[in-house]
>>> print(open('query_25.cif').read())   # mmCIF, C-alpha atoms and all ligand atoms
data_target
loop_
_atom_site.label_atom_id
_atom_site.label_comp_id
_atom_site.auth_asym_id
_atom_site.auth_seq_id
_atom_site.Cartn_x
_atom_site.Cartn_y
_atom_site.Cartn_z
CA MET W 204 -4.83 -10.40 -72.01
CA PRO W 205 -5.69 -6.70 -72.52
CA THR W 206 -8.68 -5.61 -70.48
CA LYS W 207 -11.49 -3.70 -72.03
CA ILE W 208 -12.58 -0.48 -70.23
CA GLU W 209 -16.31 -0.44 -69.81
CA LYS W 210 -18.82 1.51 -67.77
CA ASP W 211 -20.94 -0.06 -65.07
CA GLU W 212 -24.53 0.22 -66.10
CA TYR W 213 -25.95 1.05 -62.60
CA THR W 214 -23.37 3.54 -61.22
CA GLY W 215 -22.03 4.84 -64.48
CA LYS W 216 -18.49 4.36 -63.18
CA GLU W 217 -15.69 2.69 -65.07
CA THR W 218 -14.84 -0.87 -64.13
CA THR W 219 -11.35 -2.29 -63.87
CA GLY W 220 -12.32 -4.95 -66.40
CA HIS W 221 -11.87 -7.72 -63.78
CA GLU W 222 -14.77 -10.07 -63.62
CA TRP W 223 -15.57 -13.13 -61.48
CA ASP W 224 -18.67 -15.12 -62.29
CA GLY W 225 -20.40 -12.07 -63.71
CA ILE W 226 -19.43 -9.78 -60.79
CA LYS W 227 -17.37 -6.85 -62.02
CA GLU W 228 -15.00 -4.65 -60.04
CA LEU W 229 -15.58 -0.88 -60.09
CA ASP W 230 -12.50 1.27 -60.60
CA THR W 231 -12.71 3.24 -57.30
CA PRO W 232 -9.42 5.02 -56.54
CA LEU W 233 -8.14 5.41 -52.93
CA PRO W 234 -9.36 8.67 -51.37
CA ARG W 235 -6.89 11.52 -51.94
CA TRP W 236 -6.56 12.35 -48.21
CA TRP W 237 -5.68 8.73 -47.44
CA LEU W 238 -2.96 8.68 -50.05
CA ASN W 239 -1.57 12.00 -48.79
CA VAL W 240 -1.33 10.67 -45.24
CA TRP W 241 0.39 7.61 -46.59
CA PHE W 242 2.98 9.64 -48.53
CA VAL W 243 3.66 11.82 -45.48
CA CYS W 244 4.25 8.66 -43.43
CA ILE W 245 6.70 7.32 -45.99
CA ALA W 246 8.55 10.64 -46.11
CA PHE W 247 8.64 10.79 -42.30
CA ALA W 248 10.01 7.24 -42.07
CA ALA W 249 12.71 8.02 -44.64
CA VAL W 250 13.84 11.19 -42.84
CA TYR W 251 13.69 9.42 -39.45
CA ALA W 252 15.77 6.51 -40.74
CA VAL W 253 18.47 8.92 -41.89
CA LEU W 254 18.53 10.99 -38.68
CA TYR W 255 18.14 8.30 -36.03
CA PRO W 256 19.54 4.78 -35.41
CA SER W 257 17.35 2.57 -37.60
CA ILE W 258 18.85 -0.02 -39.91
CA PRO W 259 20.73 -3.14 -38.75
CA LEU W 260 24.05 -3.54 -40.59
CA GLY W 261 25.47 -6.99 -39.81
CA THR W 262 26.98 -6.83 -36.31
CA THR W 263 26.41 -3.07 -36.02
CA TYR W 264 23.67 -0.64 -37.07
CA TRP W 265 23.12 2.68 -38.81
CA LYS W 266 23.58 5.21 -35.97
CA GLY W 267 21.79 8.12 -37.67
CA ILE W 268 23.40 11.44 -38.51
CA LEU W 269 22.17 13.03 -35.23
CA GLY W 270 24.14 10.48 -33.21
CA TRP W 271 21.27 10.09 -30.68
CA SER W 272 21.06 6.96 -28.51
CA SER W 273 18.54 6.12 -25.80
CA SER W 274 21.23 4.97 -23.33
CA GLN W 275 23.10 8.25 -23.76
CA ALA W 276 19.86 10.17 -23.27
CA VAL W 277 19.28 8.34 -19.94
CA ALA W 278 22.89 8.88 -18.86
CA LYS W 279 22.53 12.58 -19.63
CA SER W 280 19.39 13.05 -17.57
CA VAL W 281 20.94 11.06 -14.68
CA ALA W 282 24.03 13.27 -14.86
CA GLN W 283 21.82 16.38 -14.80
CA MET W 284 19.98 15.07 -11.73
CA ASN W 285 23.26 14.23 -9.98
CA ALA W 286 24.64 17.67 -10.73
CA ARG W 287 21.53 19.27 -9.20
CA HIS W 288 21.80 16.99 -6.16
CA ALA W 289 25.56 17.70 -5.82
CA ALA W 290 24.88 21.45 -5.90
CA PHE W 291 22.33 21.06 -3.08
CA MET W 292 24.66 18.86 -1.03
CA LYS W 293 27.48 21.36 -1.49
CA ARG W 294 25.33 24.19 -0.15
CA ILE W 295 24.13 22.00 2.74
CA GLY W 296 27.78 21.33 3.62
CA GLU W 297 28.93 24.96 3.29
CA LEU W 298 26.21 26.78 5.22
CA PRO W 299 26.07 26.85 9.04
CA ILE W 300 23.77 24.04 10.10
CA MET W 301 21.16 26.33 11.67
CA GLN W 302 20.84 28.13 8.33
CA VAL W 303 20.34 24.84 6.47
CA ALA W 304 17.62 23.84 8.92
CA ALA W 305 15.89 27.20 8.45
CA ASP W 306 15.70 26.83 4.64
CA PRO W 307 12.69 24.62 3.79
CA LYS W 308 14.05 23.44 0.42
CA LEU W 309 17.55 22.61 1.75
CA LYS W 310 16.02 20.97 4.81
CA GLU W 311 13.85 18.75 2.64
CA VAL W 312 16.87 17.57 0.64
CA ALA W 313 18.91 17.13 3.85
CA LEU W 314 16.21 15.00 5.50
CA GLU W 315 16.10 12.66 2.52
CA ALA W 316 19.90 12.47 2.11
CA GLY W 317 20.19 11.97 5.89
CA ARG W 318 17.67 9.15 5.88
CA ILE W 319 19.63 7.27 3.21
CA ALA W 320 23.04 7.92 4.79
CA PHE W 321 21.68 6.86 8.21
CA ALA W 322 20.46 3.51 6.88
CA GLU W 323 23.86 2.91 5.29
CA ASN W 324 26.17 4.06 8.09
CA CYS W 325 24.41 4.34 11.43
CA GLN W 326 21.62 1.75 11.51
CA PRO W 327 23.93 -1.21 12.28
CA CYS W 328 24.65 0.34 15.70
CA HIS W 329 21.73 2.68 16.44
CA GLY W 330 18.97 0.51 14.96
CA PRO W 331 16.43 1.41 12.26
CA ALA W 332 15.43 5.09 12.49
CA GLY W 333 17.67 5.38 15.59
CA VAL W 334 15.57 3.38 18.07
CA GLY W 335 18.78 2.34 19.85
CA ARG W 336 19.69 -0.81 21.75
CA GLU W 337 21.84 -1.78 24.69
CA GLY W 338 25.06 0.22 24.58
CA TYR W 339 23.86 2.30 21.62
CA PRO W 340 21.78 5.27 22.69
CA PRO W 341 18.38 5.88 21.10
CA LEU W 342 18.46 8.94 18.85
CA ASP W 343 14.68 9.38 18.57
CA THR W 344 13.94 10.45 22.16
CA ASN W 345 15.03 13.32 24.39
CA PHE W 346 17.46 10.97 26.20
CA TRP W 347 20.70 12.70 25.20
CA LEU W 348 24.05 11.72 26.68
CA TRP W 349 25.81 14.69 25.13
CA GLY W 350 23.04 17.11 24.15
CA GLY W 351 20.34 17.23 21.51
CA THR W 352 20.77 20.55 19.70
CA LEU W 353 21.74 20.55 16.03
CA PRO W 354 25.34 21.70 16.73
CA ASP W 355 25.68 19.05 19.52
CA ILE W 356 24.59 16.29 17.16
CA GLN W 357 26.65 17.58 14.24
CA ARG W 358 29.81 17.71 16.35
CA ILE W 359 29.34 14.13 17.52
CA ILE W 360 28.83 12.85 13.98
CA GLU W 361 31.91 14.71 12.80
CA TYR W 362 34.35 13.69 15.52
CA GLY W 363 32.69 10.85 17.41
CA ILE W 364 32.92 9.84 21.07
CA ARG W 365 36.14 8.23 22.38
CA SER W 366 36.94 7.66 18.72
CA GLY W 367 40.61 8.56 18.98
CA ASP W 368 40.00 11.78 17.04
CA PRO W 369 41.60 14.73 18.91
CA LYS W 370 38.31 16.67 18.74
CA ALA W 371 36.15 13.76 19.95
CA HIS W 372 34.36 13.73 23.31
CA GLN W 373 36.73 11.90 25.63
CA SER W 374 35.37 11.60 29.16
CA GLN W 375 35.70 8.19 30.73
CA MET W 376 34.04 6.79 33.84
CA PRO W 377 36.72 5.35 36.20
CA ALA W 378 36.69 1.57 36.69
CA PHE W 379 35.87 1.86 40.40
CA GLY W 380 35.68 -1.89 41.05
CA HIS W 381 38.25 -3.20 38.62
CA ASP W 382 40.90 -0.61 39.58
CA GLY W 383 40.23 -1.00 43.32
CA ILE W 384 39.04 2.60 43.83
CA LEU W 385 36.06 1.12 45.71
CA LYS W 386 35.97 -2.18 47.58
CA PRO W 387 33.50 -4.81 46.30
CA ALA W 388 31.15 -4.15 49.24
CA GLN W 389 31.21 -0.42 48.48
CA VAL W 390 30.41 -1.10 44.82
CA THR W 391 27.37 -3.10 45.90
CA THR W 392 26.31 -0.40 48.37
CA VAL W 393 26.49 2.43 45.86
CA ALA W 394 24.80 0.25 43.21
CA HIS W 395 21.84 -0.33 45.56
CA TYR W 396 21.70 3.42 46.14
CA VAL W 397 21.60 4.09 42.36
CA ALA W 398 18.80 1.51 42.11
CA THR W 399 16.73 3.60 44.55
CA LEU W 400 17.28 6.67 42.37
CA PHE W 401 15.17 5.28 39.57
CA GLY W 402 12.84 3.27 41.69
CA ILE W 403 13.70 -0.41 41.14
CA GLU W 404 14.55 -0.64 44.87
CA LYS W 405 13.16 0.96 48.02
CA PRO W 406 15.53 2.79 50.39
CA GLY W 407 17.01 0.38 52.97
CA PRO W 408 19.65 0.19 55.74
CA THR W 409 22.60 0.83 53.34
CA THR W 410 21.03 3.76 51.50
CA ALA W 411 22.68 6.44 53.67
CA ALA W 412 26.12 4.89 53.14
CA GLY W 413 25.36 4.58 49.42
CA TYR W 414 24.35 8.23 49.27
CA LYS W 415 27.68 9.22 50.87
CA LEU W 416 29.69 7.07 48.44
CA PHE W 417 27.69 8.51 45.55
CA GLN W 418 28.32 12.13 46.55
CA ASP W 419 32.05 11.42 47.02
CA ASN W 420 32.67 9.41 43.87
CA CYS W 421 29.91 9.85 41.35
CA ALA W 422 28.14 13.20 41.79
CA ALA W 423 30.95 15.13 40.08
CA CYS W 424 29.92 13.54 36.79
CA HIS W 425 26.38 12.26 37.26
CA GLY W 426 25.15 15.22 39.32
CA PRO W 427 24.26 15.23 43.05
CA LYS W 428 20.81 13.79 42.31
CA GLY W 429 21.95 11.50 39.51
CA GLN W 430 20.38 13.80 36.96
CA GLY W 431 23.30 13.32 34.54
CA ASN W 432 25.64 15.82 32.95
CA GLN W 433 25.88 16.33 29.22
CA SER W 434 29.20 18.16 29.36
CA VAL W 435 30.90 14.87 30.33
CA GLY W 436 28.41 12.50 28.66
CA ALA W 437 27.38 11.07 32.03
CA PRO W 438 23.90 9.56 31.59
CA PRO W 439 21.10 10.44 33.97
CA LEU W 440 20.88 7.65 36.55
CA ALA W 441 17.58 8.75 38.10
CA SER W 442 15.77 7.70 34.94
CA ARG W 443 14.25 4.52 33.58
CA VAL W 444 15.96 4.96 30.21
CA HIS W 445 19.41 3.45 30.52
CA LEU W 446 22.18 2.85 28.09
CA TYR W 447 23.21 -0.48 29.59
CA GLY W 448 19.99 -1.79 31.11
CA ASP W 449 18.08 -0.92 34.28
CA THR W 450 18.86 -3.87 36.56
CA LEU W 451 21.00 -3.94 39.68
CA ALA W 452 23.41 -6.31 37.89
CA ALA W 453 23.83 -3.86 35.00
CA ILE W 454 24.62 -1.02 37.42
CA GLU W 455 27.17 -3.10 39.34
CA TYR W 456 28.78 -4.23 36.12
CA GLN W 457 29.22 -0.62 34.96
CA ILE W 458 30.72 0.47 38.31
CA ASN W 459 33.21 -2.42 38.15
CA THR W 460 34.11 -2.20 34.47
CA PRO W 461 32.65 0.77 32.59
CA ARG W 462 32.24 0.20 28.89
CA GLY W 463 33.23 3.60 27.55
CA GLY W 464 31.15 3.18 24.38
CA VAL W 465 32.84 4.28 21.16
CA MET W 466 31.08 6.26 18.47
CA PRO W 467 33.26 6.55 15.34
CA ALA W 468 34.26 9.88 13.76
CA TRP W 469 32.76 10.41 10.33
CA HIS W 470 34.49 13.52 8.98
CA THR W 471 37.17 11.31 7.44
CA ARG W 472 34.56 9.19 5.64
CA LEU W 473 31.60 11.43 4.80
CA ASP W 474 31.50 14.87 3.16
CA ALA W 475 30.26 17.93 5.03
CA GLY W 476 26.92 17.91 3.17
CA THR W 477 26.20 14.35 4.26
CA ILE W 478 27.23 15.05 7.87
CA ASN W 479 24.96 18.10 8.07
CA SER W 480 22.14 16.10 6.45
CA LEU W 481 22.60 13.33 9.03
CA ALA W 482 22.49 15.83 11.90
CA ILE W 483 19.27 17.35 10.55
CA TYR W 484 17.76 13.88 10.06
CA VAL W 485 18.72 12.71 13.59
CA HIS W 486 17.47 15.98 15.11
CA ALA W 487 14.11 15.43 13.39
CA LEU W 488 13.73 11.82 14.62
CA GLY W 489 11.84 12.99 17.67
CA GLY W 490 14.26 14.16 20.37
CA GLY W 491 15.84 17.24 18.80
CA GLU W 492 16.20 20.23 21.10
C1 LIG W 501 30.05 1.26 15.72
C2 LIG W 501 28.79 1.66 16.28
C3 LIG W 501 28.26 3.04 15.91
C4 LIG W 501 28.00 3.55 14.67
C5 LIG W 501 28.23 2.89 13.33
C6 LIG W 501 27.42 4.84 14.88
N1 LIG W 501 27.34 5.12 16.21
FE1 LIG W 501 26.56 6.81 17.03
N2 LIG W 501 27.07 6.12 18.88
C7 LIG W 501 27.62 4.89 19.16
C8 LIG W 501 27.80 4.77 20.59
C9 LIG W 501 28.35 3.55 21.35
C10 LIG W 501 27.34 5.96 21.17
C11 LIG W 501 27.31 6.32 22.64
C12 LIG W 501 28.68 6.59 23.17
C13 LIG W 501 28.63 6.98 24.63
O1 LIG W 501 28.58 6.08 25.46
O2 LIG W 501 28.64 8.19 24.91
C14 LIG W 501 26.89 6.79 20.06
C15 LIG W 501 26.36 8.07 20.21
C16 LIG W 501 25.80 8.82 19.20
C17 LIG W 501 25.20 10.11 19.38
C18 LIG W 501 25.05 10.84 20.69
C19 LIG W 501 23.76 10.43 21.36
C20 LIG W 501 23.53 11.10 22.67
O3 LIG W 501 22.70 10.55 23.43
O4 LIG W 501 24.12 12.14 22.97
C21 LIG W 501 24.76 10.52 18.15
C22 LIG W 501 24.02 11.80 17.81
C23 LIG W 501 25.10 9.49 17.20
N3 LIG W 501 25.75 8.47 17.87
C24 LIG W 501 24.81 9.53 15.86
C25 LIG W 501 25.29 8.59 14.95
C26 LIG W 501 25.15 8.73 13.52
C27 LIG W 501 24.40 9.84 12.81
C28 LIG W 501 25.79 7.66 12.97
C29 LIG W 501 25.99 7.35 11.49
C30 LIG W 501 26.78 8.31 10.75
C31 LIG W 501 26.31 6.85 14.05
N4 LIG W 501 25.99 7.46 15.22
C32 LIG W 501 26.99 5.67 13.85
C33 LIG W 501 27.95 3.92 18.26
C34 LIG W 501 27.85 4.04 16.88
C1 LIG W 502 34.40 10.91 35.20
C2 LIG W 502 32.98 10.92 35.16
C3 LIG W 502 32.22 9.79 35.83
C4 LIG W 502 32.26 9.41 37.12
C5 LIG W 502 33.11 9.96 38.25
C6 LIG W 502 31.28 8.35 37.25
N1 LIG W 502 30.68 8.11 36.06
FE1 LIG W 502 29.23 6.74 35.70
N2 LIG W 502 29.30 7.20 33.76
C7 LIG W 502 30.11 8.13 33.18
C8 LIG W 502 29.97 8.06 31.75
C9 LIG W 502 30.71 8.96 30.75
C10 LIG W 502 29.08 7.02 31.49
C11 LIG W 502 28.59 6.48 30.13
C12 LIG W 502 29.73 6.06 29.27
C13 LIG W 502 30.11 4.63 29.17
O1 LIG W 502 30.78 4.07 30.06
O2 LIG W 502 29.83 4.08 28.11
C14 LIG W 502 28.65 6.49 32.76
C15 LIG W 502 27.72 5.50 32.91
C16 LIG W 502 27.26 5.06 34.13
C17 LIG W 502 26.21 4.10 34.30
C18 LIG W 502 25.40 3.44 33.19
C19 LIG W 502 24.21 4.30 32.89
C20 LIG W 502 23.29 3.75 31.86
O3 LIG W 502 22.53 4.57 31.29
O4 LIG W 502 23.29 2.54 31.60
C21 LIG W 502 26.06 3.88 35.64
C22 LIG W 502 25.07 2.98 36.30
C23 LIG W 502 27.02 4.73 36.27
N3 LIG W 502 27.73 5.43 35.33
C24 LIG W 502 27.19 4.80 37.65
C25 LIG W 502 28.21 5.49 38.25
C26 LIG W 502 28.49 5.44 39.66
C27 LIG W 502 27.68 4.66 40.65
C28 LIG W 502 29.57 6.22 39.87
C29 LIG W 502 30.29 6.45 41.16
C30 LIG W 502 30.75 5.29 41.84
C31 LIG W 502 29.95 6.80 38.60
N4 LIG W 502 29.12 6.33 37.65
C32 LIG W 502 30.99 7.71 38.43
C33 LIG W 502 30.93 9.03 33.82
C34 LIG W 502 31.24 8.95 35.17
#
>>> encode(input="query_25.cif", output="structure tokens")
Amino acid sequence: MPTKIEKDEYTGKETTGHEWDGIKELDTPLPRWWLNVWFVCIAFAAVYAVLYPSIPLGTTYWKGILGWSSSQAVAKSVAQMNARHAAFMKRIGELPIMQVAADPKLKEVALEAGRIAFAENCQPCHGPAGVGREGYPPLDTNFWLWGGTLPDIQRIIEYGIRSGDPKAHQSQMPAFGHDGILKPAQVTTVAHYVATLFGIEKPGPTTAAGYKLFQDNCAACHGPKGQGNQSVGAPPLASRVHLYGDTLAAIEYQINTPRGGVMPAWHTRLDAGTINSLAIYVHALGGGE
């Protein structure tokens, strides 16, 4: 039915000709600005749909003429981050370790890389953050069997201790009891003497004989006062911190059958950047010299 255009008598505007129960609808067009925004949105959507992945097509989809995909974008930024990290690690591995430690930016990266590599490779033996346990020296105190400077630590991580690597630290305490170098009574006597050195026993009737045995058999490595010697990895004995426990039984056990703890070499498994990072991390744990 054709509608008749008429003017509304109050506003003077045209009506659409629609009428419900005497109520008529004014012909008020959408505001121009609103329409413009709407057209821009439609145009934007059309251009977007052509450029970017947008329309499902059965089992595949329209990939857009730019070929962009969110998973590729993530992969790209990860690759960029890895490349930056690799460049840092390469420099950390190439520079002398003292130079790495002196560069605040490189040191920061090394500390973080070292922390992660330590948790993965070293924690099973040395404990979380290097607290140590029986047979595995703490790395967070100034109790150093072999020395606590950065180059000392770096060398040990590279080549290990009694690891079989030709450049590893090798020294071995003789099995005085087991190999019959000392008689059982002499082992006991010298063990009691060692116990007086760090104060779990008071000097007694055998102390003088123990002192003599100690000077003859042990002082060459452990020092005349049992102060230890880092050039042969002989722990200080006149100290409460002990690798194998501070009881008389532990001392006797070691004199009979020394353990000769093994620390693996890592230069065959870890790159130079990671090894230097580990050394810097260990050095910063609390005992670094
Ligand atoms: C299989 C066990 C084991 C693992 C794994 C291990 N260590 Fe050791 N580490 C030892 C033992 C045992 C010693 C002590 C050897 C000795 O008696 O001299 C040692 C000694 C050391 C020392 C010398 C400490 C001192 O007092 O002079 C450093 C430094 C060290 N380890 C660092 C590391 C780092 C860093 C890692 C990881 C890359 C690591 N270790 C992994 C067993 C291990
Ligand atoms: C050739 C050098 C050497 C000689 C000689 C030697 N030691 Fe040792 N001693 C070591 C080394 C190296 C260690 C630690 C390595 C290991 O066995 O794991 C050690 C460890 C010890 C320990 C354990 C320390 C701890 O922290 O738990 C005791 C105790 C000890 N020696 C006592 C003696 C006594 C006593 C003698 C003499 C009868 C002696 N040693 C002679 C090299 C020596």
>>> closest_residue(input="query_25.cif", among="W:Gly317, W:Gly413, W:Gly402, W:Pro438", to="Ser374 of chain W", atoms="only C-alpha atoms")
W:Pro438
>>> axis_aligned_box(input="query_25.cif", around="ligand LIG 502 (chain W)", padding_each_side="3 Å", output="JSON")
{"center_x": 28.5, "center_y": 6.7, "center_z": 35.0, "size_x": 17.9, "size_y": 14.4, "size_z": 19.7}
>>> residues_near_ligand(input="query_25.cif", ligand="ligand LIG 502 (chain W)", cutoff="7 Å", atoms="all atoms listed in the file", output="ChimeraX atom specification")
/W:374-377,379,393-394,397,416-417,420-425,435-440,444-449,454,457-458,461-464
>>> residues_around(input="query_25.cif", residues="Thr352 of chain W", least_positions_apart="2", cutoff="9 Å", atoms="only C-alpha atoms", output="JSON, numbers by chain")
{"W": [350, 354, 355, 356, 357, 486, 491, 492]}
>>> residues_near_ligand(input="query_25.cif", ligand="ligand LIG 501 (chain W)", cutoff="6 Å", atoms="all atoms listed in the file", output="PyMOL selection string")
chain W and resi 321+324-325+328+338-340+346-350+356+359-360+364+436+463-466+481
>>> residues_around(input="query_25.cif", residues="Thr344 of chain W", least_positions_apart="4", cutoff="9 Å", atoms="all atoms listed in the file", output="PyMOL selection string")
chain W and resi 334+488-491
>>> atom_distance(input="query_25.cif", atom1="atom CA of Ala411 of chain W", atom2="atom CA of Thr392 of chain W")
9.4 Å
>>> residues_around(input="query_25.cif", residues="segment 223-232 of chain W", least_positions_apart="4", cutoff="10 Å", atoms="all atoms listed in the file", output="list in words")
Ile208, Glu209, Lys210, Asp211, Thr214, Gly215, Lys216, Glu217, Thr218, Thr219 and Leu238 of chain W
>>> residues_around(input="query_25.cif", residues="Gln418 of chain W", least_positions_apart="6", cutoff="9 Å", atoms="all atoms listed in the file", output="PyMOL selection string")
chain W and resi 426-428
>>> atom_distance(input="query_25.cif", atom1="atom CA of Ile295 of chain W", atom2="atom CA of Asn479 of chain W")
6.7 Å
>>> residues_around(input="query_25.cif", residues="Tyr484 of chain W", least_positions_apart="4", cutoff="8 Å", atoms="only C-alpha atoms", output="ChimeraX atom specification")
/W:313-315,317-318,480,488
>>> atom_distance(input="query_25.cif", atom1="atom CA of Phe291 of chain W", atom2="atom CA of Leu309 of chain W")
7.0 Å
>>> closest_residue(input="query_25.cif", among="W:Gly330, W:Tyr255, W:Arg336, W:Ala487", to="Lys310 of chain W", atoms="all atoms listed in the file")
W:Ala487
>>> decode(input="query_25.cif", residues="segment 396-408 of chain W", atoms="C-alpha atoms", output="PDB file, in the first residue's frame")
ATOM      1  CA  TYR W 396      94.972 -36.040  67.352  1.00  0.00           C
ATOM      2  CA  VAL W 397      92.976 -34.598  64.408  1.00  0.00           C
ATOM      3  CA  ALA W 398      89.927 -34.499  66.693  1.00  0.00           C
ATOM      4  CA  THR W 399      91.853 -32.231  69.086  1.00  0.00           C
ATOM      5  CA  LEU W 400      92.680 -29.897  66.187  1.00  0.00           C
ATOM      6  CA  PHE W 401      89.086 -28.813  65.801  1.00  0.00           C
ATOM      7  CA  GLY W 402      88.095 -29.190  69.390  1.00  0.00           C
ATOM      8  CA  ILE W 403      85.801 -32.234  69.613  1.00  0.00           C
ATOM      9  CA  GLU W 404      88.379 -33.852  71.936  1.00  0.00           C
ATOM     10  CA  LYS W 405      90.754 -32.546  74.598  1.00  0.00           C
ATOM     11  CA  PRO W 406      94.471 -33.392  74.369  1.00  0.00           C
ATOM     12  CA  GLY W 407      95.230 -36.696  76.153  1.00  0.00           C
ATOM     13  CA  PRO W 408      98.033 -39.248  76.685  1.00  0.00           C
TER      14      PRO W 408
END
